[in-house]
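Printed here is start_1.cif (mmCIF, C-alpha atoms):
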```
data_model
loop_
_atom_site.label_atom_id
_atom_site.label_comp_id
_atom_site.auth_asym_id
_atom_site.auth_seq_id
_atom_site.Cartn_x
_atom_site.Cartn_y
_atom_site.Cartn_z
CA MET A 1 13.78 -13.52 22.99
CA LYS A 2 15.21 -10.00 22.74
CA ASN A 3 18.02 -11.26 20.49
CA LEU A 4 15.45 -12.86 18.19
CA GLN A 5 13.40 -9.66 17.98
CA LEU A 6 16.36 -7.35 17.39
CA PRO A 7 16.67 -7.94 13.61
CA HIS A 8 12.96 -7.12 13.16
CA TRP A 9 13.38 -3.97 15.21
CA LEU A 10 16.39 -2.95 13.15
CA GLN A 11 14.52 -3.68 9.94
CA ASP A 12 11.54 -1.58 11.01
CA THR A 13 13.85 1.27 12.04
CA LEU A 14 15.63 1.14 8.69
CA TYR A 15 12.31 1.21 6.84
CA VAL A 16 11.23 4.30 8.77
CA LEU A 17 14.52 6.17 8.38
CA VAL A 18 14.74 5.52 4.64
CA GLY A 19 11.06 6.42 4.29
CA VAL A 20 11.61 9.72 6.09
CA LEU A 21 14.54 10.55 3.79
CA PHE A 22 12.43 9.84 0.70
CA CYS A 23 9.56 12.00 1.98
CA GLY A 24 11.92 14.85 2.78
CA PHE A 25 13.42 14.59 -0.69
CA ALA A 26 9.99 14.69 -2.34
CA LEU A 27 8.97 17.73 -0.31
CA LYS A 28 12.15 19.83 -0.45
CA SER A 29 13.28 19.03 -4.00
CA PHE A 30 9.95 18.65 -5.84
CA LEU A 31 6.72 19.74 -4.16
CA VAL A 32 7.58 22.77 -2.01
CA PRO A 33 9.72 24.63 -4.61
CA ASN A 34 6.99 24.20 -7.24
CA SER A 35 4.00 24.96 -4.96
CA PHE A 36 2.53 21.50 -5.49
CA PHE A 37 0.38 19.55 -3.05
CA ASP A 38 -0.34 16.04 -1.93
CA GLY A 39 -3.37 14.61 -0.17
CA GLY A 40 -3.98 14.09 3.51
CA VAL A 41 -2.25 15.92 6.34
CA THR A 42 0.81 16.49 4.12
CA GLY A 43 -1.42 18.24 1.61
CA ILE A 44 -2.95 20.40 4.35
CA SER A 45 0.54 21.28 5.58
CA LEU A 46 1.71 22.21 2.09
CA LEU A 47 -1.41 24.34 1.58
CA VAL A 48 -0.87 26.20 4.87
CA HIS A 49 2.80 26.70 3.99
CA GLU A 50 1.92 28.13 0.60
CA LEU A 51 -0.86 30.41 1.82
CA TYR A 52 0.77 31.73 5.01
CA HIS A 53 4.49 31.15 4.25
CA LEU A 54 5.12 29.20 7.43
CA ASN A 55 8.07 26.80 7.60
CA ILE A 56 6.90 23.47 6.21
CA ALA A 57 8.88 21.49 8.83
CA TYR A 58 7.02 23.07 11.74
CA VAL A 59 3.66 22.91 9.99
CA ILE A 60 3.94 19.18 9.29
CA ILE A 61 4.86 18.41 12.91
CA ILE A 62 2.07 20.54 14.38
CA ALA A 63 -0.54 19.31 11.88
CA ASN A 64 0.19 15.65 12.68
CA ILE A 65 0.14 15.94 16.49
CA PRO A 66 -3.68 15.62 16.86
CA PHE A 67 -3.69 12.54 14.66
CA ILE A 68 -0.77 11.00 16.56
CA ILE A 69 -2.75 11.40 19.80
CA MET A 70 -5.77 9.90 18.08
CA GLY A 71 -3.62 7.02 16.85
CA ALA A 72 -2.69 6.12 20.44
CA PHE A 73 -6.36 5.33 21.08
CA GLN A 74 -7.39 4.03 17.64
CA VAL A 75 -4.34 1.82 17.00
CA ASN A 76 -1.96 1.55 19.98
CA LYS A 77 0.57 3.58 21.92
CA THR A 78 3.56 1.95 20.24
CA PHE A 79 2.25 3.06 16.86
CA ALA A 80 1.71 6.60 18.17
CA VAL A 81 5.24 6.83 19.62
CA ARG A 82 6.83 5.52 16.43
CA THR A 83 4.81 7.93 14.33
CA PHE A 84 5.70 10.89 16.57
CA VAL A 85 9.42 10.07 16.38
CA ALA A 86 9.23 9.63 12.60
CA ILE A 87 7.45 12.98 12.16
CA ILE A 88 10.05 14.72 14.33
CA ILE A 89 12.86 13.19 12.28
CA LEU A 90 11.09 14.28 9.09
CA GLY A 91 10.88 17.82 10.44
CA LEU A 92 14.60 17.78 11.29
CA CYS A 93 15.44 16.48 7.83
CA LEU A 94 13.43 19.29 6.24
CA LEU A 95 15.30 21.80 8.37
CA TYR A 96 18.86 20.51 8.22
CA PHE A 97 19.36 17.75 5.65
CA PRO A 98 21.11 19.05 2.49
CA TYR A 99 18.48 18.11 -0.08
CA PRO A 100 18.79 19.64 -3.57
CA ASP A 101 16.77 22.85 -3.60
CA LYS A 102 14.93 22.21 -6.85
CA ILE A 103 15.30 19.27 -9.22
CA THR A 104 13.14 20.51 -12.09
CA ASP A 105 10.58 23.11 -13.15
CA ASP A 106 8.70 20.70 -15.40
CA LYS A 107 5.27 20.33 -13.85
CA LEU A 108 4.64 16.86 -15.22
CA LEU A 109 7.97 15.57 -13.89
CA VAL A 110 7.30 17.19 -10.51
CA SER A 111 3.86 15.57 -10.34
CA ILE A 112 5.06 12.09 -11.23
CA PHE A 113 8.41 11.88 -9.49
CA GLY A 114 7.45 14.02 -6.52
CA GLY A 115 4.46 11.76 -5.95
CA ALA A 116 6.52 8.61 -6.52
CA PHE A 117 9.21 9.58 -4.00
CA MET A 118 6.55 10.63 -1.51
CA GLY A 119 4.75 7.31 -2.00
CA ILE A 120 7.95 5.32 -1.49
CA GLY A 121 8.64 7.20 1.72
CA VAL A 122 5.16 6.82 3.19
CA GLY A 123 4.96 3.18 2.13
CA LEU A 124 8.30 2.30 3.73
CA ALA A 125 7.29 4.08 6.94
CA ILE A 126 4.05 2.07 7.08
CA ARG A 127 6.08 -1.11 6.60
CA GLY A 128 8.14 0.05 9.57
CA GLY A 129 5.06 0.32 11.77
CA CYS A 130 4.23 4.03 11.71
CA ALA A 131 2.58 6.65 9.52
CA LEU A 132 4.02 9.84 8.07
CA ASP A 133 0.53 11.13 7.35
CA GLY A 134 -2.23 10.98 9.97
CA ILE A 135 -5.17 11.08 7.57
CA GLU A 136 -5.65 7.29 7.76
CA VAL A 137 -6.00 7.54 11.54
CA LEU A 138 -8.69 10.21 11.14
CA ALA A 139 -10.50 8.07 8.59
CA LEU A 140 -10.32 5.07 10.92
CA TYR A 141 -11.76 7.14 13.77
CA THR A 142 -14.49 8.69 11.63
CA GLY A 143 -15.36 5.42 9.89
CA LYS A 144 -16.47 3.93 13.20
CA ARG A 145 -19.03 6.68 13.67
CA ILE A 146 -20.52 7.27 10.22
CA ALA A 147 -21.67 4.98 7.42
CA PHE A 148 -18.76 5.68 5.07
CA THR A 149 -15.74 3.52 4.30
CA ILE A 150 -12.23 4.68 5.16
CA SER A 151 -11.46 5.15 1.46
CA GLU A 152 -14.54 7.33 0.99
CA ILE A 153 -13.61 9.50 3.97
CA ILE A 154 -10.04 9.98 2.74
CA LEU A 155 -11.36 10.81 -0.74
CA GLY A 156 -13.76 13.39 0.70
CA ILE A 157 -11.03 15.10 2.73
CA ASN A 158 -8.71 15.21 -0.27
CA ILE A 159 -11.43 16.66 -2.50
CA VAL A 160 -11.79 19.55 -0.04
CA ILE A 161 -7.99 20.09 -0.04
CA PHE A 162 -7.78 20.19 -3.83
CA LEU A 163 -10.84 22.45 -4.12
CA ILE A 164 -9.23 24.96 -1.77
CA ALA A 165 -6.00 24.72 -3.77
CA ALA A 166 -7.94 25.35 -7.00
CA ILE A 167 -9.66 28.43 -5.56
CA LYS A 168 -6.59 29.94 -3.90
CA LEU A 169 -3.79 28.93 -6.29
CA GLY A 170 -5.46 28.14 -9.59
CA LEU A 171 -6.98 25.13 -11.27
CA PRO A 172 -3.79 23.97 -13.11
CA THR A 173 -1.88 23.71 -9.83
CA SER A 174 -4.72 21.76 -8.28
CA LEU A 175 -4.93 19.37 -11.23
CA TYR A 176 -1.20 18.70 -11.20
CA SER A 177 -1.42 18.14 -7.45
CA ILE A 178 -4.17 15.56 -7.99
CA LEU A 179 -1.76 13.75 -10.33
CA THR A 180 0.88 13.93 -7.60
CA TYR A 181 -1.52 12.42 -5.08
CA TYR A 182 -2.56 9.65 -7.47
CA THR A 183 1.07 8.75 -8.19
CA ALA A 184 1.87 8.75 -4.48
CA SER A 185 -1.13 6.58 -3.57
CA ARG A 186 -0.34 4.00 -6.25
CA THR A 187 3.30 3.89 -5.16
CA ILE A 188 2.27 3.45 -1.52
CA SER A 189 0.10 0.49 -2.50
CA PHE A 190 2.95 -1.04 -4.46
CA VAL A 191 5.41 -0.67 -1.58
CA ILE A 192 3.02 -1.92 1.12
CA GLU A 193 1.62 -4.85 -0.85
CA GLY A 194 5.09 -6.11 -1.66
CA LEU A 195 6.96 -6.81 -4.83
CA GLU A 196 6.09 -10.47 -5.26
CA GLU A 197 2.54 -10.00 -6.54
CA TYR A 198 1.21 -13.35 -5.43
CA THR A 199 -2.06 -14.80 -6.71
CA GLY A 200 -4.25 -17.33 -4.94
CA VAL A 201 -5.61 -20.05 -7.23
CA THR A 202 -8.57 -22.32 -6.39
CA ILE A 203 -9.18 -25.44 -8.51
CA ILE A 204 -12.26 -27.68 -8.52
CA SER A 205 -11.94 -30.77 -10.69
CA SER A 206 -12.92 -34.43 -10.90
CA GLN A 207 -9.22 -35.13 -11.56
CA SER A 208 -8.09 -33.54 -8.32
CA GLU A 209 -5.69 -36.36 -7.39
CA THR A 210 -3.71 -36.00 -10.61
CA ILE A 211 -3.75 -32.20 -10.38
CA LYS A 212 -2.49 -32.28 -6.79
CA ARG A 213 0.45 -34.46 -7.79
CA GLU A 214 1.37 -32.26 -10.76
CA LEU A 215 1.20 -29.04 -8.73
CA VAL A 216 3.53 -30.44 -6.10
CA MET A 217 5.89 -32.59 -8.21
CA THR A 218 6.04 -30.52 -11.43
CA LEU A 219 5.50 -26.92 -10.27
CA GLY A 220 6.93 -27.42 -6.79
CA ARG A 221 4.02 -25.61 -5.17
CA GLY A 222 2.56 -26.12 -1.73
CA ILE A 223 -1.14 -26.92 -1.75
CA THR A 224 -4.03 -26.84 0.70
CA ILE A 225 -7.04 -29.12 0.30
CA TYR A 226 -10.63 -28.28 1.27
CA LYS A 227 -13.26 -31.00 1.35
CA GLY A 228 -16.32 -30.12 -0.72
CA GLU A 229 -19.03 -31.44 -3.02
CA ARG A 230 -19.49 -31.19 -6.78
CA GLY A 231 -22.72 -31.30 -8.71
CA PHE A 232 -25.98 -29.50 -7.86
CA LEU A 233 -26.86 -28.85 -11.50
CA LYS A 234 -30.25 -27.49 -12.52
CA ASP A 235 -31.34 -30.75 -14.15
CA SER A 236 -29.91 -32.95 -11.37
CA PHE A 237 -29.82 -30.84 -8.24
CA ASP A 238 -29.96 -33.83 -5.90
CA VAL A 239 -26.91 -35.46 -7.50
CA SER A 240 -23.53 -34.56 -5.99
CA SER A 241 -20.21 -36.18 -5.21
CA PRO A 242 -17.42 -35.42 -2.75
CA THR A 243 -14.38 -33.66 -4.16
CA ASP A 244 -11.10 -32.10 -3.08
CA ILE A 245 -10.95 -28.32 -3.60
CA ILE A 246 -7.33 -27.38 -4.24
CA PHE A 247 -5.88 -24.03 -3.19
CA THR A 248 -2.36 -22.86 -3.95
CA VAL A 249 -0.42 -19.60 -4.19
CA VAL A 250 1.72 -18.67 -7.21
CA THR A 251 3.33 -15.55 -8.61
CA ARG A 252 1.47 -13.81 -11.40
CA LEU A 253 4.06 -14.98 -13.89
CA GLU A 254 3.17 -18.58 -13.06
CA VAL A 255 -0.61 -18.33 -13.39
CA ARG A 256 -0.67 -19.07 -17.12
CA ARG A 257 1.60 -22.10 -16.74
CA LEU A 258 -0.58 -23.45 -13.93
CA ARG A 259 -3.78 -23.01 -15.95
CA ASN A 260 -2.26 -24.77 -18.95
CA LEU A 261 -1.13 -27.66 -16.76
CA VAL A 262 -4.56 -28.07 -15.16
CA HIS A 263 -6.43 -27.83 -18.47
CA GLU A 264 -4.21 -30.53 -19.99
CA ILE A 265 -5.37 -32.84 -17.19
CA ASP A 266 -8.99 -31.72 -17.07
CA PRO A 267 -10.29 -29.25 -19.70
CA LYS A 268 -13.51 -28.84 -17.67
CA ALA A 269 -11.73 -27.92 -14.41
CA PHE A 270 -13.11 -24.82 -12.69
CA ILE A 271 -10.28 -22.38 -11.86
CA PHE A 272 -10.53 -18.96 -10.28
CA THR A 273 -7.89 -16.60 -8.95
CA SER A 274 -7.75 -13.94 -6.26
CA THR A 275 -5.22 -11.21 -5.55
CA ILE A 276 -3.03 -11.67 -2.50
CA LYS A 277 -1.53 -8.46 -1.16
CA GLU A 278 1.47 -10.09 0.49
CA ALA A 279 2.50 -13.63 1.37
CA ALA A 280 5.29 -15.13 3.46
CA GLY A 281 6.29 -18.54 4.76
CA GLY A 282 5.10 -21.91 3.52
CA VAL A 283 6.32 -23.21 0.17
CA LEU A 284 6.66 -20.00 -1.83
CA LYS A 285 9.02 -19.18 -4.65
CA LYS A 286 10.43 -15.75 -5.14
CA ARG A 287 9.36 -14.10 -8.37
CA ALA A 288 11.94 -14.36 -11.10
CA ARG A 289 13.93 -11.16 -11.56
CA HIS A 290 14.48 -9.96 -15.12
#
```

Would you write the structure of this file as structure tokens?
Amino acid sequence: MKNLQLPHWLQDTLYVLVGVLFCGFALKSFLVPNSFFDGGVTGISLLVHELYHLNIAYVIIIANIPFIIMGAFQVNKTFAVRTFVAIIILGLCLLYFPYPDKITDDKLLVSIFGGAFMGIGVGLAIRGGCALDGIEVLALYTGKRIAFTISEIILGINIVIFLIAAIKLGLPTSLYSILTYYTASRTISFVIEGLEEYTGVTIISSQSETIKRELVMTLGRGITIYKGERGFLKDSFDVSSPTDIIFTVVTRLEVRRLRNLVHEIDPKAFIFTSTIKEAAGGVLKKRARH
């Protein structure tokens, strides 16, 4: 069993280490030299560093400790230990790793690429089973006690951070920092959700048997069948008939081809799609690389 789990452990460790390196690069080569900020605990740490000129490595470690302790109770102890180790490694990288001192002075480039590298780092660390920013843990804890969603809580905390930055360091710096945070958050979502961009497709049709065959034999997709009923129209509510509801998963590039295939068989078929964050196993094709 240990031999089977070792590759996953190595993969998680690699995710975290690479994520830490990306975060350190974003901080040392983009954000810190240009007095820019991010959201969450990292943003608080950068703000404290800028206002009181404390070493950013020590500030990030100290600022995350309360949230790491909270994570042990809100998530689990393994998560807390992994996060603590990752934060310590990040601090050591900020102290000793030979990052370039300053890549550019262009504020727009700093906002976009600083945020992108930060987002890649945080996203990879989350994939590895830890967090390089404890704000999500705080939001999870708070969300259980007040009637706000986790997203709303994180947004509220970040608004406070950027307001303080605007008052203390000027509105332009705060606005560019908001762009940095937005870039980072979108990149995190992209990294966590995966690169395959799968879409779930549900099909309801009177020609379900033919559609099932074409999906499997022509598109090579795996399908799942739900038993349902069709009908229940306004003029004939009591009239219905059993039907097979077809569900399959395709990449976004294949959605149009699937719709065309189904409509050739049954122009009246009801088709709707839903976003799938990440999918694995089953009969899935990798997205074509261009």

Within 12 Å of (13.9, -0.9, 11.9), all atoms listed in the file: residues as an mmCIF file with C-alpha atoms, keeping the file's coordinate frame?
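Ended up saving to out_33.cif:
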```cif
data_model
loop_
_atom_site.group_PDB
_atom_site.id
_atom_site.type_symbol
_atom_site.label_atom_id
_atom_site.label_comp_id
_atom_site.auth_asym_id
_atom_site.auth_seq_id
_atom_site.Cartn_x
_atom_site.Cartn_y
_atom_site.Cartn_z
ATOM 1 C CA GLN A 5 13.400 -9.660 17.980
ATOM 2 C CA LEU A 6 16.360 -7.350 17.390
ATOM 3 C CA PRO A 7 16.670 -7.940 13.610
ATOM 4 C CA HIS A 8 12.960 -7.120 13.160
ATOM 5 C CA TRP A 9 13.380 -3.970 15.210
ATOM 6 C CA LEU A 10 16.390 -2.950 13.150
ATOM 7 C CA GLN A 11 14.520 -3.680 9.940
ATOM 8 C CA ASP A 12 11.540 -1.580 11.010
ATOM 9 C CA THR A 13 13.850 1.270 12.040
ATOM 10 C CA LEU A 14 15.630 1.140 8.690
ATOM 11 C CA TYR A 15 12.310 1.210 6.840
ATOM 12 C CA VAL A 16 11.230 4.300 8.770
ATOM 13 C CA LEU A 17 14.520 6.170 8.380
ATOM 14 C CA VAL A 18 14.740 5.520 4.640
ATOM 15 C CA GLY A 19 11.060 6.420 4.290
ATOM 16 C CA ARG A 82 6.830 5.520 16.430
ATOM 17 C CA ALA A 86 9.230 9.630 12.600
ATOM 18 C CA LEU A 124 8.300 2.300 3.730
ATOM 19 C CA ALA A 125 7.290 4.080 6.940
ATOM 20 C CA ILE A 126 4.050 2.070 7.080
ATOM 21 C CA ARG A 127 6.080 -1.110 6.600
ATOM 22 C CA GLY A 128 8.140 0.050 9.570
ATOM 23 C CA GLY A 129 5.060 0.320 11.770
ATOM 24 C CA CYS A 130 4.230 4.030 11.710
#
```

Non-local contacts of Val216 in chain A (12 Å; all atoms listed in the file; under 6 positions in same chain excluded) as a VMD selection string: chain A and resid 209 to 210 222 to 224 246 to 250 258 261 283 to 284

Would you work out the distance separating CA of Ser185 in chain A from CA of Pro98 in chain A, expressed in Å to one decimal?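 A separation of 26.2 Å between them.
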
Please determine an axis-aligned box that encloses all atoms of range 47-63 of chain A listed in the file, with 6 Å added on each side, and express its centre and edge lengths in Å to one decimal as AutoDock Vina command-line options.
```
--center_x 3.7 --center_y 25.1 --center_z 7.5 --size_x 22.3 --size_y 25.3 --size_z 25.8
```

Need the shell around Val137 in chain A: protein/DNA/RNA residues with any atom at most 9 Å away, counting all atoms listed in the file. Skip same-chain ones fewer than 4 positions apart. Format as a PyMOL selection string? chain A and resi 67-68+70-71+74-75+131+133+141-142

Carefully work through the PyMOL selection byres ((chain A and resi 26-38) around 6) for this structure and note down the residues it includes, as a PyMOL selection string. chain A and resi 23-25+39+43+46+100-103+110+114+117-118+177+181

Could you expand the PyMOL selection byres ((chain A and resi 191) around 10) into the explicit residues it covers here, written as a ChimeraX atom specification? /A:119-127,185-190,192-195

The distance between CA of Lys268 in chain A and CA of Ser205 in chain A is 7.4 Å

Excluding Ala269 in chain A and its own-chain neighbours fewer than 4 positions away, which residues fall within 10 Å of it when counting only C-alpha atoms? Please give them as a PDB file with C-alpha atoms, in the frame of the given file.
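As written to disk, selection_17.pdb reads:
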```pdb
ATOM      1  CA  ILE A 203      -9.180 -25.440  -8.510  1.00  0.00           C
ATOM      2  CA  ILE A 204     -12.260 -27.680  -8.520  1.00  0.00           C
ATOM      3  CA  SER A 205     -11.940 -30.770 -10.690  1.00  0.00           C
ATOM      4  CA  SER A 206     -12.920 -34.430 -10.900  1.00  0.00           C
ATOM      5  CA  GLN A 207      -9.220 -35.130 -11.560  1.00  0.00           C
ATOM      6  CA  SER A 208      -8.090 -33.540  -8.320  1.00  0.00           C
ATOM      7  CA  ILE A 211      -3.750 -32.200 -10.380  1.00  0.00           C
ATOM      8  CA  ARG A 259      -3.780 -23.010 -15.950  1.00  0.00           C
ATOM      9  CA  VAL A 262      -4.560 -28.070 -15.160  1.00  0.00           C
ATOM     10  CA  HIS A 263      -6.430 -27.830 -18.470  1.00  0.00           C
ATOM     11  CA  GLU A 264      -4.210 -30.530 -19.990  1.00  0.00           C
ATOM     12  CA  ILE A 265      -5.370 -32.840 -17.190  1.00  0.00           C
TER      13      ILE A 265
END
```

Distance CA of Phe270 in chain A-CA of Pro242 in chain A, one decimal place? 15.2 Å

On this structure, which residues satisfy the PyMOL selection byres ((chain A and resi 159) around 12), written as a ChimeraX atom specification? /A:38-40,43-44,152-158,160-166,174-175,177-178,181

Which residues are near Leu95 in chain A? Cut-off 10 Å, only C-alpha atoms, ignore same chain within fewer than 2 positions. Put them as number ranges by chain. A: 24, 28, 55-58, 89-93, 97-99
